[in-house]
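Okay, structure first, notes after.
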Amino acid sequence: TTHRVRIQGSDTPLEVAADQSVLDAVLRAGEWLPHSCTQGTCGTCKLRVLDGEVAHNDSPDYTLTPAERCAGLVLGCMATPCSDLVVEPLGAAVDDGAPRHPLRDHDGTVVVLDDIATDTRRLVVELDEPMSFNAGQYAELVIPGTGVGRQYSMANPPSESKLLEFHVKRTVGGRATEGWIFGSLAVGERIELRGPLGQFHLVREQAEPAILIGGGTGLAPLKSIARHVLDHGLVPELYLYHGGRRRDDLYDVEFFRELEAGYDTFHYRPVLSEEQWDGATGMVTDVVVEDFRSCKGLSAYLCGPPAMIEAGVRALKRRRMAPRLIFREEFTVAA
Ligand code: FES
């Protein structure tokens, strides 16, 4: 069975299968709803149901409280339709003029699978058909035979739309990492994925210099952004900070040093928190704060573990960065 969902303010109803999330249907139709994690943890996709009934499925109480359910709110990424629906996004969708690329299923072949740092692999997938996306967005790799997806940001720029690069950190006991990407997966194998997803991006020209701050494989979307931004000259100055514990946790250091040599506007600073070396040491967000006495008039893009992001956002606000110019992509918990 299918139902129809209409977003308040739009005239065109969209088809939603009974087992499909409202968000999935909307994104596949090339329409847009605010969203980030697509797995019920962030709350960005909250909708008000103006008409119709939904099943909440596994919507967690900490994201959607019982009181919110009573008030007719749902998580767009979890809710499936029980009838035709009219919905309205709770937050205003941020429209910064970035293109919106429809969500699609893709097939591809693994062409690179390399160890690049401690418990970290680079996975490059050559797609059968190109995928359009915004620098900073992610895709869901499907664990074979399960239909279960795991989320990884594209590290390549959108111009390389058939050759997707992902950075994967091993999680002990992780079904997708130990059980697959660090286990049986090999070059030449076929892989399924869906994308693009998420609203973390930098694709439009902006007047503010941008600071990119990544922890571990949080570097991936920032690499995509850096390459895209530099290719197109989108910002006056671009600063990239990459934090790891030890030298062996860092990767693509040579790549970024060469990029830095090629662009006057690009500044790269790798930071180690647990090892002395000839580069910066400490917590990556502390090093940013030392480098910038004032962050007024700058923007920031952070990706990494939640603790790093929290510390970073606090520090940037203390340095007077405008909250609307701070963008974040948190690692999600699934392994
Ligand atoms: Fe739905 Fe995060 S809770 S996108």
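Residue numbering restarts at 1 for every chain of the structure tokens, chains are lettered A, B, ... in their displayed order, and ligands are numbered from 1 as they appear.
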
Checklist entry - Out of range 195-280 of chain A, which residues get alpha helix (DSSP H) from DSSP, as a list in words? => result Leu219, Ala220, Pro221, Leu222, Lys223, Ser224, Ile225, Ala226, Arg227, His228, Val229, Leu230, Asp231, His232, Val253, Glu254, Phe255, Phe256, Arg257, Glu258, Leu259, Glu260, Ala261 and Gly262 of chain A

Next on the checklist: Just want the residues within 8 Å of ligand 1, written as number ranges by chain, counting only C-alpha atoms and all ligand atoms.
Outcome noted: A: 34-46, 59, 63, 75-78, 198

Checklist entry - Quick one: residues within 9 Å of Val5 in chain A, only C-alpha atoms counted, chain neighbours fewer than 3 positions away excluded, as an NGL selection string? => result :A and (12-16 or 22 or 25-26 or 81 or 83-87)

Next on the checklist: Between A:Leu185, A:Val235, A:Val253, A:Leu272, which residue has the minimum interatomic distance to Leu298 in chain A, considering only C-alpha atoms?
Outcome noted: A:Val235

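Nearest residue to Arg190 in chain A, choosing from A:Gly279, A:Pro305, A:Pro144, A:Pro89 and counting only C-alpha atoms: A:Pro144.
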
Next on the checklist: From a backbone DSSP assignment, name each residue in range 92-131 of chain A labelled strand (DSSP E or B), as a ChimeraX atom specification.
Outcome noted: /A:104-117,120-127

Residues from the last selection, N, CA and C atoms, saved as a CSV table (one decimal), in the first residue's frame:
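Everything below was put into result-v4.csv:
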chain,number,residue,atom,x,y,z
A,104,ARG,N,18.9,8.7,-3.8
A,104,ARG,CA,18.8,7.6,-4.8
A,104,ARG,C,19.5,6.4,-4.2
A,105,ASP,N,19.1,5.2,-4.7
A,105,ASP,CA,19.9,4.0,-4.4
A,105,ASP,C,21.0,3.9,-5.5
A,106,HIS,N,22.2,3.5,-5.1
A,106,HIS,CA,23.3,3.3,-6.0
A,106,HIS,C,23.9,2.0,-5.9
A,107,ASP,N,24.6,1.5,-7.0
A,107,ASP,CA,25.4,0.3,-6.9
A,107,ASP,C,26.8,0.8,-7.4
A,108,GLY,N,27.8,0.1,-6.9
A,108,GLY,CA,29.2,0.5,-7.3
A,108,GLY,C,30.1,-0.7,-7.0
A,109,THR,N,31.4,-0.4,-7.3
A,109,THR,CA,32.4,-1.4,-7.1
A,109,THR,C,33.5,-0.8,-6.3
A,110,VAL,N,34.0,-1.6,-5.3
A,110,VAL,CA,35.1,-1.1,-4.5
A,110,VAL,C,36.4,-1.1,-5.4
A,111,VAL,N,37.0,0.1,-5.5
A,111,VAL,CA,38.2,0.2,-6.2
A,111,VAL,C,39.5,0.5,-5.4
A,112,VAL,N,39.3,1.0,-4.2
A,112,VAL,CA,40.4,1.2,-3.3
A,112,VAL,C,39.9,0.8,-1.9
A,113,LEU,N,40.8,0.1,-1.1
A,113,LEU,CA,40.5,-0.2,0.3
A,113,LEU,C,41.9,-0.3,0.9
A,114,ASP,N,42.3,0.9,1.5
A,114,ASP,CA,43.6,1.0,2.1
A,114,ASP,C,43.6,1.4,3.5
A,115,ASP,N,44.6,0.8,4.3
A,115,ASP,CA,44.8,1.3,5.6
A,115,ASP,C,45.6,2.6,5.6
A,116,ILE,N,45.0,3.6,6.2
A,116,ILE,CA,45.7,5.0,6.0
A,116,ILE,C,46.1,5.5,7.4
A,117,ALA,N,45.6,5.0,8.5
A,117,ALA,CA,45.9,5.5,9.8
A,117,ALA,C,45.5,4.4,10.8
A,120,THR,N,42.0,2.8,10.6
A,120,THR,CA,41.3,3.7,9.7
A,120,THR,C,41.5,3.3,8.2
A,121,ARG,N,40.5,3.1,7.5
A,121,ARG,CA,40.6,2.7,6.1
A,121,ARG,C,40.0,3.8,5.2
A,122,ARG,N,40.6,3.9,4.0
A,122,ARG,CA,40.1,4.6,2.9
A,122,ARG,C,39.3,3.7,2.0
A,123,LEU,N,38.1,3.9,1.7
A,123,LEU,CA,37.3,3.1,0.8
A,123,LEU,C,36.9,4.0,-0.3
A,124,VAL,N,37.2,3.5,-1.5
A,124,VAL,CA,36.7,4.3,-2.7
A,124,VAL,C,35.8,3.4,-3.5
A,125,VAL,N,34.7,3.9,-3.8
A,125,VAL,CA,33.7,3.1,-4.6
A,125,VAL,C,33.4,3.8,-5.9
A,126,GLU,N,33.5,3.1,-7.0
A,126,GLU,CA,33.2,3.6,-8.3
A,126,GLU,C,31.7,3.2,-8.6
A,127,LEU,N,30.9,4.3,-8.7
A,127,LEU,CA,29.5,4.1,-8.9
A,127,LEU,C,29.1,3.7,-10.3

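Among the candidates A:Val168, A:Met154, A:Leu259, A:Ala300, the one nearest to Ile211 in chain A when counting only C-alpha atoms is A:Ala300.
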
Item to check | Residue contacts of Val287 in chain A (10 Å, only C-alpha atoms) excluding same-chain residues fewer than 6 positions away, as a VMD selection string | outcome: chain A and resid 241 243 269 to 271 280 to 281
